[in-house]
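Student: Before I ask anything, here is the structure I am working with.
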Amino acid sequence: MKIGNKQISNKWLAGGIVLLVCLAALAVVAPLTLTGAPQDGVIKIRRGTPTAAVCDSLQAQVGTTFGKRVQTVLNLLNANLSNRQGAFRISKGDSPLAVARRLRNGVTCGVKFTFNNVRTLDEWAARWGNVFMGDSAEMRQALADTTVCQQLGKTPQTIACLLIPDTYEFYWDIEPVKMLERMHDYYQKFWTDERRDKASKLGITPDQVVTLASIVEEETSKADERGKVARLYLNRLQQGMKLQADPTVKFAIGDFSIKRLTVPMTQVKSPYNTYYVEGLPPGPIRLPEKNTVDAVLNAPAHNYIYMCAKDDFSGYHNFAVDYASHLVNAHRYQDALNKRGIK
């Protein structure tokens, strides 16, 4: 019986040791496999970045504790991240093991790019550079490259027509030319047969519609007035009149802060100054929204050919079919400017 008791005691001892080892292993492994990221995050890695630097970015994105756990797993996996490049998503609840494997295997994610209320290509390129790996100067160079533009069926003046404000998703390390090719794909999808047919009936091309929409959007911030303004300019085009759109003068001068145009300003020699040239400018003076483009395509019929801002400064305009009526509206507005000391 004594021998039997000793054997039982040894078994209990061995079992206890195994249990302790298992508990110790669980204490080490559990935080690496069962705990989750406390929040969403995205880390962006350039090729050649040391693993230690990647882990520093992890800690900055999702907290020190979780970042160190991911680093531990990477060390256990003997992972080398020096050849990894791109954006890597971390979702709330992801385990350190899952994140480490994603990094080791190079499973990148897309980056969302939302833009609106953009006037110039330089401004758009700067926004692009703030989101993606490439430098904004590289994008500006691509936008101005006649060969690149020609391959996309555009010119440096009309390339802006491809940049339709919206929310897109691209890989973080996408190159400028590839980005423009993707934007061309979206442009083609936007310009459906129905939209192209409407443009044809107006007697202008899709790019001219975008150019006109850019003028309309600068003329009025009131969405419910844009179709009316668009038809006014279409009437002028059809009658062979100069557009004489004030925003085109401001664009030609390079100063949209101008409150009142002077005669010398309207005489600036520029293909974008519609007081100086006939017809539409060679390209957009801003990146118009989709709904403004559609406002041009669906512009309601009327006979107005003159417009002037209302003297109540509501943002709306008075419209006229003859010059005499327009002068009355213009004088009223100029008097209001004078009373407010706006020069």
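Chain identifiers are assigned as A, B, and so on, following the order in which chains appear in the structure tokens; residues are numbered from 1 within each chain, and ligands are numbered from 1 in order of appearance.
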Determine, counting only C-alpha atoms, which protein, DNA and RNA residues have an atom within 9 Å of an atom of Cys55 (chain A); residues of the same chain fewer than 4 positions away are not included. Present the result as a PyMOL selection string.

Tutor: chain A and resi 50-51+59-60+67-68+70-71

Student: Keeping C-alpha atoms, export the residues of the selection given above as a PDB file, in the first residue's frame.

Tutor:
```
ATOM      1  CA  PRO A  50      13.239  48.362 -40.007  1.00  0.00           C
ATOM      2  CA  THR A  51      10.872  46.090 -38.109  1.00  0.00           C
ATOM      3  CA  GLN A  59       2.334  51.415 -30.743  1.00  0.00           C
ATOM      4  CA  ALA A  60       1.463  54.934 -31.866  1.00  0.00           C
ATOM      5  CA  GLY A  67       2.071  47.087 -30.211  1.00  0.00           C
ATOM      6  CA  LYS A  68       4.594  45.285 -28.024  1.00  0.00           C
ATOM      7  CA  VAL A  70       2.631  42.259 -32.018  1.00  0.00           C
ATOM      8  CA  GLN A  71       6.383  42.843 -31.864  1.00  0.00           C
TER       9      GLN A  71
END
```

Student: At a cut-off of 12 Å, can you tabulate as JSON lines every residue of region 150-255 of chain A near region 268-276 of chain A together with its closest atom pair and the distance in Å to one decimal, using only C-alpha atoms and ordering rows by chain then number?

Tutor:
```
{"residue": "A:Gln157", "atom": "CA", "partner": "A:Tyr272", "partner_atom": "CA", "distance": 10.3}
{"residue": "A:Thr211", "atom": "CA", "partner": "A:Tyr272", "partner_atom": "CA", "distance": 10.6}
{"residue": "A:Leu212", "atom": "CA", "partner": "A:Thr274", "partner_atom": "CA", "distance": 11.5}
{"residue": "A:Ile215", "atom": "CA", "partner": "A:Thr274", "partner_atom": "CA", "distance": 10.4}
{"residue": "A:Tyr233", "atom": "CA", "partner": "A:Thr274", "partner_atom": "CA", "distance": 11.2}
{"residue": "A:Arg236", "atom": "CA", "partner": "A:Thr274", "partner_atom": "CA", "distance": 11.5}
{"residue": "A:Leu237", "atom": "CA", "partner": "A:Thr274", "partner_atom": "CA", "distance": 11.3}
{"residue": "A:Met241", "atom": "CA", "partner": "A:Thr274", "partner_atom": "CA", "distance": 10.1}
{"residue": "A:Lys242", "atom": "CA", "partner": "A:Thr274", "partner_atom": "CA", "distance": 6.3}
{"residue": "A:Leu243", "atom": "CA", "partner": "A:Thr274", "partner_atom": "CA", "distance": 5.6}
{"residue": "A:Gln244", "atom": "CA", "partner": "A:Tyr275", "partner_atom": "CA", "distance": 4.4}
{"residue": "A:Ala245", "atom": "CA", "partner": "A:Thr274", "partner_atom": "CA", "distance": 6.0}
{"residue": "A:Asp246", "atom": "CA", "partner": "A:Thr274", "partner_atom": "CA", "distance": 8.0}
{"residue": "A:Pro247", "atom": "CA", "partner": "A:Asn273", "partner_atom": "CA", "distance": 8.6}
{"residue": "A:Thr248", "atom": "CA", "partner": "A:Asn273", "partner_atom": "CA", "distance": 5.1}
{"residue": "A:Val249", "atom": "CA", "partner": "A:Asn273", "partner_atom": "CA", "distance": 4.9}
{"residue": "A:Lys250", "atom": "CA", "partner": "A:Asn273", "partner_atom": "CA", "distance": 8.2}
{"residue": "A:Phe251", "atom": "CA", "partner": "A:Tyr272", "partner_atom": "CA", "distance": 7.2}
{"residue": "A:Ala252", "atom": "CA", "partner": "A:Tyr272", "partner_atom": "CA", "distance": 5.6}
{"residue": "A:Ile253", "atom": "CA", "partner": "A:Val268", "partner_atom": "CA", "distance": 7.6}
{"residue": "A:Gly254", "atom": "CA", "partner": "A:Tyr272", "partner_atom": "CA", "distance": 10.7}
```

Student: What is the CA of Asp311 (chain A)-CA of Leu327 (chain A) distance in Å, reported with one decimal?

Tutor: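 The value is 13.0 Å.
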
Student: Do you know which residues are at most 12 Å from Ser221 (chain A) counting only C-alpha atoms, after dropping those on the same chain fewer than 3 positions away, and could you put them as JSON, numbers by chain?

Tutor: {"A": [117, 214, 215, 216, 217, 218, 224, 225, 226, 227, 229, 288, 289, 292, 309, 314, 315, 316, 317]}

Student: Hey, can you spit out that residue selection with N, CA and C atoms as an mmCIF file, in the first residue's frame?

Tutor:
```
data_model
loop_
_atom_site.group_PDB
_atom_site.id
_atom_site.type_symbol
_atom_site.label_atom_id
_atom_site.label_comp_id
_atom_site.auth_asym_id
_atom_site.auth_seq_id
_atom_site.Cartn_x
_atom_site.Cartn_y
_atom_site.Cartn_z
ATOM 1 N N ASN A 117 -14.479 70.574 -53.170
ATOM 2 C CA ASN A 117 -14.155 71.987 -52.982
ATOM 3 C C ASN A 117 -12.689 72.284 -53.310
ATOM 4 N N SER A 214 -17.718 74.098 -63.911
ATOM 5 C CA SER A 214 -16.756 74.740 -63.006
ATOM 6 C C SER A 214 -17.037 76.238 -62.894
ATOM 7 N N ILE A 215 -17.444 76.854 -63.999
ATOM 8 C CA ILE A 215 -17.792 78.276 -63.980
ATOM 9 C C ILE A 215 -19.073 78.486 -63.166
ATOM 10 N N VAL A 216 -20.057 77.640 -63.422
ATOM 11 C CA VAL A 216 -21.338 77.742 -62.722
ATOM 12 C C VAL A 216 -21.137 77.610 -61.213
ATOM 13 N N GLU A 217 -20.302 76.663 -60.808
ATOM 14 C CA GLU A 217 -20.089 76.435 -59.377
ATOM 15 C C GLU A 217 -19.383 77.612 -58.719
ATOM 16 N N GLU A 218 -18.535 78.303 -59.483
ATOM 17 C CA GLU A 218 -17.884 79.507 -58.949
ATOM 18 C C GLU A 218 -18.858 80.680 -58.907
ATOM 19 N N ASP A 224 -29.743 75.155 -55.970
ATOM 20 C CA ASP A 224 -31.018 75.250 -56.681
ATOM 21 C C ASP A 224 -31.009 76.317 -57.780
ATOM 22 N N GLU A 225 -29.914 77.038 -57.915
ATOM 23 C CA GLU A 225 -29.804 78.076 -58.929
ATOM 24 C C GLU A 225 -28.850 77.686 -60.054
ATOM 25 N N ARG A 226 -28.108 76.609 -59.860
ATOM 26 C CA ARG A 226 -27.039 76.282 -60.798
ATOM 27 C C ARG A 226 -27.549 75.910 -62.187
ATOM 28 N N GLY A 227 -28.663 75.213 -62.260
ATOM 29 C CA GLY A 227 -29.216 74.875 -63.565
ATOM 30 C C GLY A 227 -29.612 76.128 -64.336
ATOM 31 N N VAL A 229 -28.321 79.186 -63.976
ATOM 32 C CA VAL A 229 -27.094 79.864 -64.396
ATOM 33 C C VAL A 229 -26.473 79.137 -65.590
ATOM 34 N N PRO A 288 -15.537 70.710 -60.436
ATOM 35 C CA PRO A 288 -16.953 70.791 -60.049
ATOM 36 C C PRO A 288 -17.501 69.473 -59.524
ATOM 37 N N GLU A 289 -18.487 69.581 -58.659
ATOM 38 C CA GLU A 289 -19.150 68.401 -58.101
ATOM 39 C C GLU A 289 -20.007 67.719 -59.163
ATOM 40 N N THR A 292 -23.285 69.413 -59.918
ATOM 41 C CA THR A 292 -23.195 70.615 -60.746
ATOM 42 C C THR A 292 -23.085 70.233 -62.217
ATOM 43 N N ALA A 309 -25.514 89.576 -59.222
ATOM 44 C CA ALA A 309 -25.789 89.201 -57.830
ATOM 45 C C ALA A 309 -26.852 90.128 -57.233
ATOM 46 N N SER A 314 -27.755 87.719 -50.665
ATOM 47 C CA SER A 314 -28.271 86.395 -50.295
ATOM 48 C C SER A 314 -27.501 85.272 -50.981
ATOM 49 N N GLY A 315 -26.727 85.645 -51.984
ATOM 50 C CA GLY A 315 -26.017 84.626 -52.760
ATOM 51 C C GLY A 315 -26.746 84.262 -54.034
ATOM 52 N N TYR A 316 -27.997 84.730 -54.163
ATOM 53 C CA TYR A 316 -28.769 84.474 -55.380
ATOM 54 C C TYR A 316 -28.553 85.610 -56.379
ATOM 55 N N HIS A 317 -29.103 85.438 -57.582
ATOM 56 C CA HIS A 317 -28.894 86.405 -58.659
ATOM 57 C C HIS A 317 -30.211 86.887 -59.253
#
```

Student: Assign secondary structure with DSSP using the backbone only, and return the residues of region 101-335 of chain A in strand (DSSP E) as a ChimeraX atom specification.

Tutor: /A:110-115,166-171,306-309,317-320

Student: Could you write those residues out with N, CA and C atoms, as a JSON list (two decimals), in the first residue's frame?

Tutor:
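Saved the output as again-v6.json:
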```
[["chain", "number", "residue", "atom", "x", "y", "z"],
["A", 110, "GLY", "N", -6.43, 49.11, -48.96],
["A", 110, "GLY", "CA", -6.59, 50.37, -49.67],
["A", 110, "GLY", "C", -6.71, 51.54, -48.70],
["A", 111, "VAL", "N", -6.47, 52.73, -49.23],
["A", 111, "VAL", "CA", -6.59, 53.96, -48.45],
["A", 111, "VAL", "C", -7.65, 54.83, -49.10],
["A", 112, "LYS", "N", -8.58, 55.33, -48.31],
["A", 112, "LYS", "CA", -9.65, 56.16, -48.87],
["A", 112, "LYS", "C", -9.14, 57.57, -49.16],
["A", 113, "PHE", "N", -9.60, 58.10, -50.27],
["A", 113, "PHE", "CA", -9.21, 59.45, -50.69],
["A", 113, "PHE", "C", -10.48, 60.20, -51.07],
["A", 114, "THR", "N", -10.84, 61.17, -50.23],
["A", 114, "THR", "CA", -12.02, 61.99, -50.47],
["A", 114, "THR", "C", -11.58, 63.41, -50.78],
["A", 115, "PHE", "N", -12.11, 63.97, -51.86],
["A", 115, "PHE", "CA", -11.79, 65.36, -52.15],
["A", 115, "PHE", "C", -13.00, 66.06, -52.73],
["A", 166, "ASP", "N", -15.25, 62.93, -55.15],
["A", 166, "ASP", "CA", -15.96, 61.78, -54.59],
["A", 166, "ASP", "C", -15.03, 61.13, -53.57],
["A", 167, "THR", "N", -15.43, 59.97, -53.09],
["A", 167, "THR", "CA", -14.57, 59.18, -52.22],
["A", 167, "THR", "C", -14.10, 57.95, -52.98],
["A", 168, "TYR", "N", -12.79, 57.77, -53.03],
["A", 168, "TYR", "CA", -12.19, 56.65, -53.76],
["A", 168, "TYR", "C", -11.31, 55.86, -52.82],
["A", 169, "GLU", "N", -10.87, 54.70, -53.28],
["A", 169, "GLU", "CA", -9.94, 53.89, -52.50],
["A", 169, "GLU", "C", -8.85, 53.34, -53.41],
["A", 170, "PHE", "N", -7.60, 53.59, -53.02],
["A", 170, "PHE", "CA", -6.45, 53.15, -53.79],
["A", 170, "PHE", "C", -5.39, 52.61, -52.83],
["A", 171, "TYR", "N", -4.46, 51.83, -53.36],
["A", 171, "TYR", "CA", -3.34, 51.40, -52.54],
["A", 171, "TYR", "C", -2.47, 52.61, -52.21],
["A", 306, "TYR", "N", -28.42, 87.61, -69.16],
["A", 306, "TYR", "CA", -27.69, 88.47, -68.23],
["A", 306, "TYR", "C", -28.01, 88.05, -66.80],
["A", 307, "MET", "N", -27.03, 88.23, -65.91],
["A", 307, "MET", "CA", -27.25, 87.94, -64.50],
["A", 307, "MET", "C", -26.39, 88.86, -63.66],
["A", 308, "CYS", "N", -26.86, 89.13, -62.46],
["A", 308, "CYS", "CA", -26.12, 89.99, -61.53],
["A", 308, "CYS", "C", -26.50, 89.58, -60.11],
["A", 309, "ALA", "N", -25.51, 89.58, -59.22],
["A", 309, "ALA", "CA", -25.79, 89.20, -57.83],
["A", 309, "ALA", "C", -26.85, 90.13, -57.23],
["A", 317, "HIS", "N", -29.10, 85.44, -57.58],
["A", 317, "HIS", "CA", -28.89, 86.41, -58.66],
["A", 317, "HIS", "C", -30.21, 86.89, -59.25],
["A", 318, "ASN", "N", -30.16, 88.10, -59.81],
["A", 318, "ASN", "CA", -31.23, 88.61, -60.65],
["A", 318, "ASN", "C", -30.87, 88.30, -62.10],
["A", 319, "PHE", "N", -31.87, 87.89, -62.87],
["A", 319, "PHE", "CA", -31.64, 87.53, -64.27],
["A", 319, "PHE", "C", -32.41, 88.48, -65.18],
["A", 320, "ALA", "N", -31.89, 88.67, -66.39],
["A", 320, "ALA", "CA", -32.53, 89.58, -67.34],
["A", 320, "ALA", "C", -32.37, 89.06, -68.76]]
```

Student: With a distance cut-off of 10 Å and only C-alpha atoms, select the neighbouring residues of Ala126 (chain A), excluding the residue or stretch itself and same-chain residues fewer than 3 positions from it, and output the selection as a PyMOL selection string.

Tutor: chain A and resi 120-123+129-131+135-137+139-140

Student: Return as a PyMOL selection string the full set of residues in region 98-148 of chain A whose backbone-based DSSP assignment is helix (DSSP H, G or I).

Tutor: chain A and resi 98-105+121-131+136-144+146-148

Student: What is the distance, in Å and to one decimal place, between CA of Asp173 (chain A) and CA of Arg127 (chain A)?

Tutor: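 Separation between CA of Asp173 (chain A) and CA of Arg127 (chain A): 14.8 Å.
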
Student: Which of these residues is nearest to Ile174 (chain A), using only C-alpha atoms: A:Cys161, A:Leu97, A:Val148, A:Ala87?

Tutor: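 When distances to Ile174 (chain A) are compared using only C-alpha atoms, the smallest one comes from A:Ala87.
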
Student: I want to know what sits within 12 Å of Lys154 (chain A), based on only C-alpha atoms, with residues of the same chain fewer than 4 positions away left out; could you give that as JSON, numbers by chain?

Tutor: {"A": [143, 144, 145, 146, 147, 148, 149, 150, 158, 159, 160, 161, 162, 163, 180, 181, 184, 187, 206, 207, 282, 283]}

Student: Here is a test: counting only C-alpha atoms, which residue of A:Gln334, A:Asn235, A:Thr35, A:Gln85 is nearest to Asn105 (chain A)?

Tutor: A:Gln85

Student: Tell me which of A:Tyr186, A:Trp128, A:Phe66, A:Tyr333 sits closest to Arg260 (chain A), counting only C-alpha atoms.

Tutor: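 With only C-alpha atoms as the atom set, the closest residue is A:Tyr333.
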
Student: So which one's closest to His331 (chain A), A:Ala100, A:Thr72, A:Leu81, A:Lys310? Using only C-alpha atoms, please.

Tutor: A:Lys310

Student: Between A:Asn329, A:Val321, A:Val210, A:Lys259, which residue has the minimum interatomic distance to Gly341 (chain A), considering only C-alpha atoms?

Tutor: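 Among A:Asn329, A:Val321, A:Val210, A:Lys259, it is A:Lys259 that comes nearest to Gly341 (chain A).
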
Student: Report, in Å to a single decimal, how far apart CA of Leu232 (chain A) and CA of Phe313 (chain A) are.

Tutor: 20.4 Å
